[in-house]
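The data block below is work00.txt; it holds compact mmCIF, C-alpha atoms.
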```txt
# COMPACT_ATOMS: atom_id res chain seq x y z
CA MET A 1 5.55 5.69 22.91
CA PRO A 2 5.91 8.78 20.67
CA SER A 3 2.85 10.96 20.30
CA ASP A 4 3.13 10.94 16.49
CA HIS A 5 2.40 7.63 14.75
CA TYR A 6 2.73 6.67 11.10
CA PHE A 7 -1.02 7.21 10.74
CA THR A 8 -0.89 10.72 12.25
CA PRO A 9 -2.11 13.10 9.49
CA ALA A 10 0.40 15.88 10.16
CA PRO A 11 3.22 14.91 12.52
CA ASP A 12 4.24 17.93 14.57
CA ASN A 13 7.64 16.69 15.71
CA THR A 14 10.87 17.90 14.10
CA LEU A 15 11.46 16.40 10.67
CA LYS A 16 14.54 14.16 10.61
CA LEU A 17 15.36 12.91 7.14
CA ARG A 18 17.46 9.79 6.68
CA GLN A 19 18.86 7.94 3.68
CA VAL A 20 18.20 4.24 3.14
CA THR A 21 19.59 1.79 0.61
CA VAL A 22 16.98 -0.60 -0.81
CA GLN A 23 16.48 -2.98 -3.70
CA LEU A 24 13.72 -1.93 -6.09
CA GLY A 25 13.21 -2.82 -9.72
CA GLY A 26 16.22 -5.11 -9.65
CA GLN A 27 18.61 -2.33 -8.68
CA THR A 28 20.07 -0.76 -5.56
CA ARG A 29 18.40 2.57 -4.84
CA GLU A 30 19.25 5.37 -2.42
CA LEU A 31 16.00 6.79 -1.06
CA THR A 32 14.87 9.16 1.66
CA THR A 33 12.69 8.40 4.68
CA ALA A 34 11.99 10.24 7.93
CA ASN A 35 10.69 9.89 11.45
CA SER A 36 6.95 9.43 12.06
CA VAL A 37 6.44 7.29 8.96
CA PHE A 38 6.06 3.52 8.84
CA SER A 39 9.32 1.52 8.80
CA PRO A 40 11.70 4.44 8.19
CA ASP A 41 14.90 2.35 8.30
CA HIS A 42 14.18 -0.24 5.62
CA ILE A 43 11.48 -1.91 3.54
CA ASP A 44 9.52 -3.77 6.21
CA THR A 45 9.21 -7.55 6.04
CA GLY A 46 5.52 -7.58 5.09
CA THR A 47 5.98 -5.19 2.19
CA GLN A 48 9.00 -7.17 1.01
CA VAL A 49 6.94 -10.38 1.07
CA LEU A 50 4.29 -8.64 -1.04
CA LEU A 51 6.82 -7.29 -3.55
CA ASN A 52 8.45 -10.71 -3.86
CA SER A 53 5.28 -12.75 -4.25
CA ALA A 54 2.70 -10.68 -6.13
CA PRO A 55 2.75 -11.08 -9.91
CA THR A 56 4.02 -8.50 -12.37
CA PRO A 57 1.44 -5.70 -12.42
CA PRO A 58 -0.52 -4.86 -15.59
CA PRO A 59 1.29 -2.70 -18.15
CA GLY A 60 -1.02 0.27 -17.73
CA GLY A 61 -4.07 1.73 -16.02
CA ASP A 62 -4.69 3.37 -12.67
CA PHE A 63 -3.09 1.54 -9.73
CA LEU A 64 -3.68 2.17 -6.02
CA ASP A 65 -1.13 1.84 -3.23
CA LEU A 66 -3.33 2.13 -0.14
CA GLY A 67 -1.42 3.31 2.92
CA CYS A 68 1.70 4.05 0.90
CA GLY A 69 4.04 5.25 3.66
CA TRP A 70 7.30 6.57 2.18
CA GLY A 71 6.55 4.75 -1.04
CA PRO A 72 8.22 1.34 -1.60
CA ILE A 73 5.11 -0.26 -3.14
CA SER A 74 4.31 2.79 -5.27
CA LEU A 75 7.88 3.03 -6.52
CA HIS A 76 7.97 -0.69 -7.30
CA LEU A 77 4.75 -0.42 -9.31
CA ALA A 78 5.90 2.72 -11.12
CA LEU A 79 9.19 1.11 -12.13
CA ALA A 80 7.45 -2.09 -13.26
CA SER A 81 4.67 -0.33 -15.20
CA PRO A 82 5.88 3.02 -16.51
CA ARG A 83 2.69 3.54 -18.54
CA ALA A 84 0.48 3.18 -15.45
CA THR A 85 -0.63 5.95 -13.11
CA ILE A 86 0.17 5.07 -9.51
CA TRP A 87 -2.06 6.65 -6.87
CA ALA A 88 -0.04 6.65 -3.63
CA VAL A 89 -2.60 7.28 -0.88
CA ASP A 90 -1.93 7.95 2.79
CA VAL A 91 -3.31 10.14 5.58
CA ASN A 92 0.23 11.08 6.68
CA GLU A 93 1.30 14.22 4.80
CA ARG A 94 4.95 13.67 5.69
CA ALA A 95 4.80 10.26 4.05
CA LEU A 96 3.28 11.77 0.90
CA ASP A 97 6.08 14.34 0.72
CA LEU A 98 8.61 11.50 0.89
CA VAL A 99 6.86 9.59 -1.90
CA ARG A 100 7.07 12.68 -4.12
CA LEU A 101 10.74 13.19 -3.23
CA ASN A 102 11.64 9.56 -3.90
CA ALA A 103 9.71 9.44 -7.18
CA GLU A 104 11.61 12.54 -8.32
CA LYS A 105 14.92 10.94 -7.28
CA LEU A 106 14.14 7.94 -9.49
CA GLY A 107 12.93 10.06 -12.39
CA LEU A 108 9.39 8.70 -12.12
CA THR A 109 6.62 10.93 -13.43
CA ASN A 110 3.76 8.42 -13.05
CA VAL A 111 3.31 8.59 -9.26
CA THR A 112 0.61 10.81 -7.75
CA ALA A 113 0.86 11.04 -3.94
CA VAL A 114 -2.37 12.31 -2.40
CA LEU A 115 -4.63 12.24 0.62
CA PRO A 116 -7.58 9.81 0.31
CA GLU A 117 -10.10 12.56 -0.40
CA GLN A 118 -7.94 13.90 -3.25
CA VAL A 119 -8.44 10.83 -5.46
CA PRO A 120 -11.14 11.76 -8.00
CA THR A 121 -14.31 9.79 -7.39
CA HIS A 122 -14.50 8.60 -11.01
CA VAL A 123 -11.12 6.83 -10.88
CA THR A 124 -11.24 3.03 -10.76
CA PHE A 125 -8.25 0.77 -10.38
CA ARG A 126 -6.66 -1.92 -12.52
CA THR A 127 -4.95 -3.24 -9.40
CA ILE A 128 -4.69 -2.36 -5.71
CA TRP A 129 -1.64 -3.24 -3.61
CA SER A 130 -1.52 -2.60 0.12
CA ASN A 131 0.23 -3.33 3.36
CA PRO A 132 -2.80 -2.03 5.25
CA PRO A 133 -2.37 -0.20 8.58
CA ILE A 134 -3.76 -2.93 10.82
CA ARG A 135 -2.97 -0.98 13.98
CA VAL A 136 -5.55 1.71 13.21
CA GLY A 137 -8.11 -0.77 14.57
CA LYS A 138 -10.61 -3.14 13.02
CA THR A 139 -13.41 -0.60 12.52
CA GLU A 140 -11.20 1.89 10.68
CA LEU A 141 -9.53 -0.88 8.67
CA HIS A 142 -12.85 -2.34 7.55
CA THR A 143 -14.13 1.11 6.57
CA MET A 144 -10.99 1.67 4.51
CA LEU A 145 -11.30 -1.64 2.65
CA ARG A 146 -15.05 -1.19 2.08
CA THR A 147 -14.28 2.20 0.55
CA TRP A 148 -11.47 1.23 -1.81
CA LEU A 149 -11.84 -2.42 -2.85
CA PRO A 150 -15.17 -1.81 -4.65
CA ARG A 151 -13.27 0.64 -6.88
CA LEU A 152 -11.43 -2.27 -8.51
CA GLU A 153 -12.28 -2.56 -12.18
CA PRO A 154 -14.15 -5.74 -13.18
CA GLY A 155 -11.69 -8.50 -13.98
CA SER A 156 -9.02 -6.96 -11.73
CA ASP A 157 -7.41 -7.94 -8.44
CA ALA A 158 -6.03 -6.54 -5.20
CA TRP A 159 -3.05 -7.79 -3.19
CA LEU A 160 -2.97 -7.30 0.58
CA VAL A 161 -0.22 -8.40 2.96
CA VAL A 162 -1.12 -8.96 6.61
CA GLN A 163 0.83 -10.50 9.47
CA ARG A 164 -0.69 -13.76 10.65
CA ASN A 165 -0.62 -12.82 14.34
CA LEU A 166 -2.31 -9.51 13.55
CA GLY A 167 -5.37 -11.19 12.09
CA SER A 168 -4.75 -12.17 8.46
CA ASP A 169 -7.00 -15.23 8.66
CA SER A 170 -9.90 -13.36 10.29
CA LEU A 171 -9.49 -10.55 7.74
CA GLN A 172 -9.75 -13.07 4.91
CA ARG A 173 -12.99 -14.43 6.39
CA TRP A 174 -14.35 -10.90 6.83
CA LEU A 175 -13.55 -9.96 3.24
CA ASP A 176 -15.29 -13.10 1.95
CA GLY A 177 -18.38 -12.32 4.00
CA ASP A 178 -18.55 -8.55 3.63
CA LEU A 179 -17.67 -7.75 0.01
CA PRO A 180 -20.29 -8.08 -2.75
CA ASP A 181 -20.76 -11.43 -4.49
CA GLU A 182 -18.55 -10.53 -7.47
CA PHE A 183 -15.53 -10.47 -5.14
CA SER A 184 -13.61 -13.50 -3.90
CA THR A 185 -10.65 -13.68 -1.52
CA SER A 186 -7.92 -16.32 -1.46
CA ARG A 187 -4.61 -16.85 0.29
CA HIS A 188 -1.85 -16.48 -2.27
CA THR A 189 1.37 -16.71 -0.23
CA ILE A 190 2.53 -17.62 3.28
CA SER A 191 6.00 -16.32 4.11
CA LYS A 192 7.89 -15.12 7.20
CA GLY A 193 4.75 -14.95 9.32
CA PHE A 194 2.78 -12.99 6.71
CA ARG A 195 -0.11 -13.86 4.44
CA VAL A 196 -0.60 -12.31 1.01
CA LEU A 197 -4.31 -12.20 0.23
CA ARG A 198 -5.64 -11.88 -3.30
CA VAL A 199 -9.01 -10.23 -3.81
CA ASP A 200 -10.50 -10.85 -7.27
CA ARG A 201 -13.36 -8.99 -8.86
CA LYS A 202 -15.14 -10.96 -11.54
CA GLY A 203 -15.19 -9.52 -15.03
```

Entire entry expressed as structure tokens:
Amino acid sequence: MPSDHYFTPAPDNTLKLRQVTVQLGGQTRELTTANSVFSPDHIDTGTQVLLNSAPTPPPGGDFLDLGCGWGPISLHLALASPRATIWAVDVNERALDLVRLNAEKLGLTNVTAVLPEQVPTHVTFRTIWSNPPIRVGKTELHTMLRTWLPRLEPGSDAWLVVQRNLGSDSLQRWLDGDLPDEFSTSRHTISKGFRVLRVDRKG
């Protein structure tokens, strides 16, 4: 297995850019990915399930793409809601560079690709979308979700896609038991071995 993973902060292997053709915003797009990022050859199945099943995002506000990779969720949100500010957050600096490159390719000026600690603490989110990095381990995953989901604005929701055989059902139970009482978690979609979970924060 390679020493650099998609959750490696600064991959030290040689950068190898590649071009991929994807469907985003109802059009065919030519985008750039690279080695040592998640799913460099295409939009992975889980992310595609999320993009196909989650509702149209709000027209504006601050949105969070948690664990953005090379940017398919962020780009989708930016195209759908041009008045929103999309915070594309990842620990992998190579991935963040690709998000910036791809946003520039598409003429998008509403995507901000940053490390987690670079998101201002006062920012709260109108929606959160994520294909969370399950393979970082349960402890790290739970810490991540405890950190970011409480930053949902009241009356807002988050959309998480998780593979069933990687623990989507147990994650749903954990979210229901761990988050404060104003949060509720439900299963929105089942498709291609994935679950899309909706986390609502009461208004």

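Coordinates place atom CA of A:His76 at a distance of 20.4 Å from atom CA of A:Leu149.
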
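Candidate residues A:Glu30, A:Asp65, A:Asp169, A:Glu140 were compared for distance to A:Ile190, and the nearest is A:Asp169, using all atoms listed in the file.
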
Exercise. With distances taken over all atoms listed in the file, which of A:Val162, A:Leu66, A:Val91, A:Val111 is nearest to A:Thr147?
Worked result: A:Leu66

For this session: Quick one: everything within 12 Å of A:Leu145, counting only C-alpha atoms, minus sequence neighbours fewer than 4 positions away in the same chain. Send it as a PyMOL selection string.
Result: chain A and resi 66-67+128-134+138-141+149-152+158-160+171-172+174-175+178-179+199

For this session: Using all atoms listed in the file, collect all residues at a distance of at most 12 Å from (14.6, -2.9, -6.4) as written in the file, then present them as a ChimeraX atom specification.
Result: /A:21-31,43,48,51-52,72-80,106

For this session: Pick out the residues sitting within 12 Å of A:Pro40, and hand them over as a ChimeraX atom specification; count all atoms listed in the file, and ignore anything fewer than 2 positions along from it in its own chain.
Result: /A:5-6,16-22,31-38,42-44,69-72,94-95,98

Seminar exercise, completed: The distance between atom CA of A:Arg201 and atom CA of A:Gly137 is 25.4 Å

For this session: Please identify all polymer residues within 8 Å of A:Ser156, counting only C-alpha atoms, omitting same-chain residues fewer than 6 positions from it, and present them as a VMD selection string.
Result: chain A and resid 125 to 127 200 to 203
